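Next comes structure-v4.tsv, a file with TSV, C-alpha atoms.
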```tsv
chain	number	residue	atom	x	y	z
A	1	THR	CA	-14.30	-28.09	-44.21
A	2	THR	CA	-16.04	-24.81	-45.12
A	3	ARG	CA	-12.88	-23.70	-46.85
A	4	ARG	CA	-12.73	-26.93	-48.82
A	5	ARG	CA	-16.34	-26.61	-50.00
A	6	ASP	CA	-15.87	-22.94	-50.92
A	7	ALA	CA	-12.63	-23.67	-52.76
A	8	THR	CA	-14.23	-26.54	-54.71
A	9	ALA	CA	-17.19	-24.39	-55.74
A	10	HIS	CA	-14.91	-21.56	-56.81
A	11	ARG	CA	-12.77	-23.91	-58.87
A	12	SER	CA	-15.84	-25.30	-60.61
A	13	ARG	CA	-17.05	-21.82	-61.57
A	14	THR	CA	-13.59	-20.92	-62.83
A	15	ALA	CA	-13.51	-24.01	-65.03
A	16	LEU	CA	-16.73	-22.94	-66.80
A	17	THR	CA	-15.22	-19.65	-67.89
A	18	MET	CA	-11.65	-20.68	-68.69
A	19	SER	CA	-11.08	-22.62	-71.89
A	20	THR	CA	-7.63	-23.61	-70.67
A	21	VAL	CA	-8.98	-25.82	-67.89
A	22	ALA	CA	-10.12	-29.26	-68.98
A	23	VAL	CA	-13.18	-30.97	-67.48
A	24	SER	CA	-10.98	-33.80	-66.30
A	25	SER	CA	-8.94	-31.33	-64.23
A	26	VAL	CA	-12.09	-30.10	-62.49
A	27	VAL	CA	-13.08	-33.65	-61.62
A	28	ALA	CA	-9.60	-34.31	-60.24
A	29	VAL	CA	-9.68	-31.16	-58.10
A	30	ALA	CA	-13.09	-32.07	-56.68
A	31	ALA	CA	-11.92	-35.58	-55.87
A	32	ARG	CA	-8.85	-34.23	-54.15
A	33	ALA	CA	-10.96	-31.80	-52.13
A	34	ARG	CA	-13.16	-34.65	-50.85
A	35	ALA	CA	-10.11	-36.68	-49.90
A	36	MET	CA	-8.54	-33.70	-48.16
A	37	LYS	CA	-11.63	-33.04	-46.05
A	38	SER	CA	-11.61	-36.59	-44.72
A	39	ALA	CA	-7.84	-36.76	-44.24
A	40	ARG	CA	-7.20	-33.40	-42.60
A	41	LYS	CA	-5.65	-33.61	-39.14
A	42	ALA	CA	-7.27	-31.91	-36.18
A	43	PRO	CA	-5.48	-28.63	-35.33
A	44	ILE	CA	-4.11	-27.60	-31.99
A	45	ALA	CA	-5.42	-24.16	-31.01
A	46	ILE	CA	-3.04	-21.69	-29.35
A	47	GLN	CA	-5.07	-18.83	-27.93
A	48	THR	CA	-4.19	-15.23	-28.78
A	49	SER	CA	-5.91	-11.93	-28.05
A	50	ARG	CA	-7.58	-11.86	-31.50
A	51	ARG	CA	-7.95	-15.25	-33.15
A	52	ALA	CA	-6.57	-18.65	-32.26
A	53	ILE	CA	-3.31	-19.49	-33.98
A	54	VAL	CA	-3.93	-22.75	-35.84
A	55	ALA	CA	-0.83	-24.91	-35.41
A	56	ARG	CA	-0.71	-28.56	-36.33
A	57	ALA	CA	1.57	-30.89	-34.47
A	58	GLY	CA	4.21	-32.63	-36.54
A	59	ASP	CA	5.09	-32.16	-40.19
A	60	LEU	CA	2.54	-30.83	-42.67
A	61	GLU	CA	1.27	-32.87	-45.60
A	62	PRO	CA	1.64	-30.87	-48.85
A	63	ASP	CA	-1.60	-32.20	-50.36
A	64	ASN	CA	-3.57	-31.34	-47.24
A	65	ILE	CA	-2.74	-27.68	-46.63
A	66	SER	CA	-3.48	-24.20	-47.92
A	67	VAL	CA	-0.64	-21.69	-48.38
A	68	LEU	CA	-0.54	-18.00	-49.25
A	69	VAL	CA	2.56	-17.08	-51.29
A	70	CYS	CA	3.45	-13.38	-51.45
A	71	GLY	CA	5.97	-12.12	-53.99
A	72	GLY	CA	6.75	-11.51	-57.63
A	73	ASN	CA	8.06	-13.49	-60.59
A	74	GLY	CA	11.14	-15.02	-59.00
A	75	VAL	CA	11.30	-17.32	-55.99
A	76	ALA	CA	7.61	-16.78	-55.17
A	77	MET	CA	6.43	-18.24	-58.47
A	78	ASP	CA	8.85	-21.15	-58.12
A	79	VAL	CA	7.40	-21.79	-54.64
A	80	PHE	CA	3.89	-21.68	-56.09
A	81	ARG	CA	4.75	-24.07	-58.94
A	82	GLN	CA	6.42	-26.59	-56.68
A	83	LEU	CA	3.65	-26.43	-54.08
A	84	THR	CA	0.90	-27.03	-56.62
A	85	GLU	CA	2.87	-29.91	-58.11
A	86	LYS	CA	2.70	-31.45	-54.62
A	87	GLY	CA	-1.07	-30.93	-54.43
A	88	THR	CA	-1.15	-27.86	-52.17
A	89	TRP	CA	-4.00	-25.35	-52.31
A	90	ALA	CA	-2.07	-22.17	-53.12
A	91	THR	CA	-3.01	-18.49	-53.34
A	92	VAL	CA	-0.59	-15.89	-54.70
A	93	LEU	CA	-0.48	-12.18	-53.80
A	94	GLN	CA	1.20	-10.17	-56.57
A	95	ARG	CA	1.05	-6.58	-57.79
A	96	HIS	CA	0.35	-7.60	-61.39
A	97	GLU	CA	-1.71	-10.13	-63.35
A	98	THR	CA	1.06	-11.41	-65.61
A	99	ASN	CA	0.90	-14.86	-64.07
A	100	ARG	CA	-2.90	-15.15	-63.71
A	101	LYS	CA	-3.32	-17.65	-66.57
A	102	GLU	CA	-0.60	-19.94	-65.25
A	103	ILE	CA	-1.81	-19.71	-61.65
A	104	GLU	CA	-5.45	-20.40	-62.39
A	105	SER	CA	-4.69	-23.13	-64.96
A	106	VAL	CA	-3.39	-25.35	-62.16
A	107	GLY	CA	-6.18	-24.49	-59.74
A	108	GLY	CA	-4.43	-21.68	-57.86
A	109	PHE	CA	-5.85	-18.31	-56.91
A	110	LEU	CA	-4.34	-14.92	-57.74
A	111	VAL	CA	-5.00	-11.84	-55.61
A	112	LYS	CA	-3.80	-8.73	-57.41
A	113	GLY	CA	-2.55	-6.32	-54.79
A	114	ASP	CA	0.31	-4.62	-52.99
A	115	ALA	CA	1.34	-5.72	-49.50
A	116	LEU	CA	1.99	-2.05	-48.68
A	117	ASN	CA	-1.76	-1.53	-49.05
A	118	ALA	CA	-3.73	-2.68	-46.00
A	119	LYS	CA	-6.87	-3.45	-48.01
A	120	ASP	CA	-4.91	-5.63	-50.43
A	121	VAL	CA	-3.38	-7.56	-47.55
A	122	GLU	CA	-6.84	-8.06	-46.05
A	123	LYS	CA	-8.17	-9.23	-49.42
A	124	ALA	CA	-5.39	-11.81	-49.72
A	125	MET	CA	-5.95	-13.07	-46.19
A	126	ASN	CA	-9.69	-13.36	-46.79
A	127	GLN	CA	-9.26	-15.35	-50.02
A	128	SER	CA	-9.27	-18.48	-47.86
A	129	ASP	CA	-11.06	-19.23	-44.62
A	130	GLU	CA	-7.82	-20.66	-43.29
A	131	TYR	CA	-4.15	-20.76	-44.26
A	132	ASP	CA	-1.77	-23.28	-42.78
A	133	ALA	CA	1.22	-21.14	-43.78
A	134	VAL	CA	2.21	-17.86	-45.39
A	135	VAL	CA	5.41	-17.52	-47.41
A	136	SER	CA	6.74	-14.05	-48.22
A	137	THR	CA	9.58	-13.34	-50.61
A	138	ILE	CA	8.61	-9.66	-50.89
A	139	GLY	CA	11.44	-7.17	-51.13
A	140	GLY	CA	12.31	-3.75	-52.45
A	141	THR	CA	15.42	-2.16	-53.90
A	142	PRO	CA	18.29	-0.20	-52.32
A	143	ALA	CA	16.64	2.94	-53.74
A	144	GLU	CA	13.22	2.03	-52.33
A	145	PRO	CA	13.49	-0.58	-49.56
A	146	ARG	CA	10.18	0.09	-47.76
A	147	ALA	CA	8.64	-3.20	-48.85
A	148	ASP	CA	11.37	-5.20	-47.13
A	149	SER	CA	10.16	-4.02	-43.74
A	150	GLU	CA	6.71	-2.44	-44.01
A	151	ALA	CA	5.11	-4.89	-46.44
A	152	ASN	CA	6.43	-7.94	-44.62
A	153	ILE	CA	5.48	-6.55	-41.22
A	154	ALA	CA	1.94	-5.94	-42.49
A	155	LEU	CA	1.74	-9.55	-43.73
A	156	ILE	CA	3.14	-10.91	-40.47
A	157	ASP	CA	0.59	-8.99	-38.39
A	158	ALA	CA	-2.28	-10.00	-40.68
A	159	ALA	CA	-1.23	-13.65	-40.60
A	160	ALA	CA	-1.08	-13.68	-36.81
A	161	ALA	CA	-4.46	-11.96	-36.57
A	162	LYS	CA	-5.99	-14.55	-38.91
A	163	GLY	CA	-4.57	-17.46	-36.94
A	164	VAL	CA	-2.09	-18.74	-39.54
A	165	GLY	CA	0.01	-21.58	-38.16
A	166	LYS	CA	3.38	-20.73	-39.72
A	167	PHE	CA	5.09	-17.81	-41.45
A	168	VAL	CA	8.15	-18.39	-43.63
A	169	LEU	CA	10.02	-15.17	-44.38
A	170	VAL	CA	12.62	-15.13	-47.16
A	171	THR	CA	15.20	-12.37	-46.66
A	172	SER	CA	18.90	-12.49	-47.59
A	173	ILE	CA	22.35	-13.43	-46.39
A	174	GLY	CA	23.75	-10.20	-44.96
A	175	THR	CA	20.65	-9.53	-42.87
A	176	GLY	CA	20.92	-9.16	-39.11
A	177	ASP	CA	23.57	-11.34	-37.51
A	178	SER	CA	24.84	-12.48	-40.93
A	179	ALA	CA	26.03	-8.96	-41.81
A	180	ASP	CA	29.66	-10.06	-41.91
A	181	ALA	CA	29.02	-12.91	-44.35
A	182	PRO	CA	28.92	-11.04	-47.70
A	183	PRO	CA	31.96	-9.24	-49.13
A	184	PRO	CA	32.05	-5.64	-47.84
A	185	ASN	CA	31.25	-4.15	-51.25
A	186	VAL	CA	28.18	-6.37	-51.59
A	187	PHE	CA	26.95	-5.51	-48.12
A	188	ASP	CA	27.43	-1.79	-48.74
A	189	ALA	CA	25.49	-1.96	-52.01
A	190	LEU	CA	22.59	-3.77	-50.37
A	191	LYS	CA	22.74	-2.09	-46.97
A	192	PRO	CA	19.45	-0.11	-47.25
A	193	VAL	CA	17.57	-3.30	-48.12
A	194	LEU	CA	19.32	-5.42	-45.49
A	195	ILE	CA	18.50	-2.95	-42.73
A	196	GLU	CA	14.80	-3.11	-43.59
A	197	LYS	CA	14.85	-6.91	-43.90
A	198	ALA	CA	16.31	-7.10	-40.40
A	199	LYS	CA	13.36	-5.10	-39.06
A	200	ALA	CA	10.96	-7.62	-40.57
A	201	GLU	CA	12.92	-10.56	-39.14
A	202	GLU	CA	12.88	-9.12	-35.64
A	203	HIS	CA	9.19	-8.29	-35.89
A	204	LEU	CA	8.40	-11.86	-36.94
A	205	LYS	CA	10.30	-13.25	-33.95
A	206	ALA	CA	8.46	-10.90	-31.60
A	207	VAL	CA	5.04	-11.76	-33.03
A	208	SER	CA	5.84	-15.46	-32.81
A	209	ALA	CA	6.83	-15.12	-29.16
A	210	LYS	CA	3.60	-13.25	-28.41
A	211	THR	CA	1.11	-15.32	-30.38
A	212	GLY	CA	2.57	-18.79	-30.84
A	213	MET	CA	2.68	-18.52	-34.64
A	214	ALA	CA	5.58	-20.68	-35.81
A	215	TYR	CA	8.18	-19.05	-38.04
A	216	VAL	CA	11.17	-19.84	-40.21
A	217	ILE	CA	13.53	-17.25	-41.69
A	218	VAL	CA	15.37	-18.29	-44.85
A	219	ARG	CA	18.31	-16.17	-46.02
A	220	PRO	CA	19.41	-17.03	-49.58
A	221	GLY	CA	22.72	-16.00	-51.06
A	222	GLY	CA	23.13	-14.41	-54.48
A	223	LEU	CA	20.22	-15.51	-56.67
A	224	LYS	CA	20.56	-17.06	-60.12
A	225	SER	CA	17.83	-18.01	-62.59
A	226	GLU	CA	19.32	-21.21	-64.00
A	227	PRO	CA	17.60	-24.57	-63.39
A	228	ALA	CA	17.89	-26.23	-60.00
A	229	THR	CA	21.17	-27.97	-59.22
A	230	GLY	CA	20.01	-30.10	-56.30
A	231	THR	CA	23.17	-29.21	-54.36
A	232	ALA	CA	21.70	-26.33	-52.35
A	233	VAL	CA	21.59	-26.59	-48.58
A	234	LEU	CA	20.37	-24.81	-45.48
A	235	THR	CA	22.65	-24.03	-42.56
A	236	GLU	CA	22.52	-22.26	-39.22
A	237	ASP	CA	26.05	-20.99	-39.89
A	238	LYS	CA	25.80	-17.18	-40.08
A	239	SER	CA	29.20	-16.76	-41.75
A	240	ILE	CA	28.43	-18.68	-44.93
A	241	CYS	CA	27.96	-16.88	-48.25
A	242	GLY	CA	27.58	-17.92	-51.86
A	243	ALA	CA	25.19	-18.17	-54.80
A	244	ILE	CA	22.05	-20.25	-55.22
A	245	HIS	CA	19.48	-20.85	-57.95
A	246	ARG	CA	15.93	-19.64	-57.40
A	247	GLU	CA	14.39	-23.06	-58.02
A	248	ASP	CA	16.63	-24.51	-55.30
A	249	VAL	CA	15.62	-21.74	-52.90
A	250	ALA	CA	11.97	-22.58	-53.55
A	251	ASP	CA	12.58	-26.26	-52.85
A	252	LEU	CA	14.24	-25.48	-49.52
A	253	VAL	CA	11.58	-22.92	-48.58
A	254	ILE	CA	8.88	-25.55	-49.11
A	255	LYS	CA	10.76	-27.99	-46.89
A	256	CYS	CA	10.73	-25.29	-44.20
A	257	VAL	CA	6.97	-24.88	-44.67
A	258	LEU	CA	6.38	-28.61	-44.25
A	259	LYS	CA	8.88	-29.64	-41.60
A	260	GLU	CA	8.32	-28.91	-37.92
A	261	LYS	CA	12.07	-29.28	-37.35
A	262	ALA	CA	12.63	-25.93	-39.11
A	263	ASN	CA	10.33	-23.98	-36.80
A	264	GLY	CA	12.03	-21.13	-34.98
A	265	LYS	CA	15.16	-21.37	-37.12
A	266	VAL	CA	17.08	-18.68	-39.01
A	267	LEU	CA	18.74	-20.48	-41.91
A	268	SER	CA	21.22	-19.35	-44.54
A	269	CYS	CA	20.60	-20.87	-47.94
A	270	VAL	CA	23.44	-21.53	-50.42
A	271	ASP	CA	24.58	-23.93	-53.11
A	272	LYS	CA	27.48	-25.85	-51.59
A	273	ALA	CA	29.10	-25.94	-55.04
A	274	GLN	CA	28.93	-22.14	-55.40
A	275	LEU	CA	30.37	-20.77	-52.17
A	276	PHE	CA	32.34	-17.53	-52.20
A	277	ASP	CA	35.06	-19.41	-50.36
A	278	GLN	CA	35.28	-22.95	-49.01
A	279	PRO	CA	34.67	-22.81	-45.25
A	280	ASP	CA	33.68	-25.83	-43.23
A	281	PHE	CA	30.07	-25.67	-42.18
A	282	THR	CA	27.30	-27.98	-41.05
A	283	PRO	CA	24.21	-28.25	-43.25
A	284	PHE	CA	20.82	-28.16	-41.54
A	285	GLU	CA	18.84	-31.21	-42.65
A	286	VAL	CA	15.06	-30.91	-42.93
```
Please lay out the structure from this file as structure tokens.
Amino acid sequence: TTRRRDATAHRSRTALTMSTVAVSSVVAVAARARAMKSARKAPIAIQTSRRAIVARAGDLEPDNISVLVCGGNGVAMDVFRQLTEKGTWATVLQRHETNRKEIESVGGFLVKGDALNAKDVEKAMNQSDEYDAVVSTIGGTPAEPRADSEANIALIDAAAAKGVGKFVLVTSIGTGDSADAPPPNVFDALKPVLIEKAKAEEHLKAVSAKTGMAYVIVRPGGLKSEPATGTAVLTEDKSICGAIHREDVADLVIKCVLKEKANGKVLSCVDKAQLFDQPDFTPFEV
């Protein structure tokens, strides 16, 4: 409830200084905050050595949760847009302020910072008293892949220390036990990044086992920027490979945030109409 009151006050102050936010939007946000405080389910506390992991039994309600989204202009912003459309309180950690106007115009919060910087990670975690989930799409390049491991590991550790209930890590097909899925030339080109992503995946599993923080790992195929197709799917099949549109990835990531059924899963993420070949596989329904 403290978080709800603080968030409402912050939103009201923001509205006074931003000409892009209408008074009616402020009233709507305040009304939603009051409804959320009364509707919020009681959490189940899982004790850790630092702070209790806050896990809620069952599926999460999108208009009754707070989520930290970490990443740049691609899938992360699509996750943010789709979450806020569903009524979620969303904070974004990005290295730039390009999206500040858009983020704040819909009642979101932007923390400008780099997940490789411990103080920036702390600042993002402290933006809210409590997060129900953290989503990270952060990644580097084959020339500089540090962020794929180090930045994500820092976020995972900070989330566990704060007591976040769930961490959804977006990596890539070709990571870990899906190394044989991409064509050899694709794997070789991305190998430095995939190695670092695998370190982050394994660290997340280890932290989850130690603290009780739920996790989901989502491994998209080749990313495209066209509008969503609606034919993208998740699967536990580690041999699958293909392309997928960023908006579809975001939609499936949000389902993993909300659905308890996805907890503890490592899921490949492809458009079934854009597979590199046509193998038989079983979609994972969430």
Inset, instruction - Just the residues within 9 Å of Thr229 in chain A, please, counting all atoms listed in the file, with nothing from its chain fewer than 3 positions along; format it as a list in words. - result: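 Counting all atoms listed in the file, the residues come to Glu226, Ala232, Ile244, His245, Glu247, Asp248 and Asp271 of chain A.
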Inset, instruction - Select, from A:Gly87, A:Gly176, A:Pro283, A:Gly264, the residue with the minimum atom-to-atom distance to Thr235 in chain A, counting only C-alpha atoms. - result: A:Pro283
Inset, instruction - Skip Gly242 in chain A itself and residues of its chain fewer than 6 positions away, then list as a list in words all residues within 7 Å of it, counting all atoms listed in the file. - result: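 Answer for this query is Gly221, Gly222, Val270, Asp271, Gln274, Leu275 and Phe276 of chain A.
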Inset, instruction - Show which residues sit within 12 Å of Phe284 in chain A, as a list in words. Count only C-alpha atoms, and ignore same-chain residues fewer than 5 positions away. - result: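 Non-adjacent residues within range: Val218, Ala232, Val233, Leu234, Thr235, Glu236, Asp237, Leu252, Lys255, Cys256, Lys261, Ala262, Lys265, Val266, Leu267, Ser268, Cys269 and Val270 of chain A.
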Inset, instruction - Could you jot down the CA of Lys210 in chain A to CA of Val164 in chain A separation for me, Å, one decimal place? - result: 13.7 Å
Inset, instruction - Rounded to one decimal place, report the CA of Arg219 in chain A-CA of Ala118 in chain A distance in Å. - result: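 Here the two named atoms are 25.8 Å from each other.
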Legend entry - Selected residue, from A:Gly72, A:Gly163, A:Gly212, A:Gly174, that lies nearest to Arg100 in chain A when counting all atoms listed in the file: A:Gly72
Inset, instruction - Could you give me, as a PyMOL selection string, the residues within 9 Å of Gly71 in chain A, counting only C-alpha atoms and dropping anything in the same chain fewer than 6 positions from it? - result: chain A and resi 77+92-95+135-139
Inset, instruction - Rank nothing, just name the residue among A:Ser208, A:Pro142, A:Ala250, A:Glu150 nearest to Arg81 in chain A, using all atoms listed in the file. - result: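 Residue with the minimum atom-to-atom distance to Arg81 in chain A: A:Ala250.
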Legend entry - Nearest candidate to Leu110 in chain A (options A:Glu201, A:Glu97, A:Asp148, A:Asp157; using all atoms listed in the file):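 Closest to Leu110 in chain A of all the choices is A:Glu97.
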Legend entry - Option closest in space to Lys162 in chain A, from A:Phe109, A:Lys238, A:Ala124, A:Pro227 [counting all atoms listed in the file]: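 Residue with the minimum atom-to-atom distance to Lys162 in chain A: A:Ala124.
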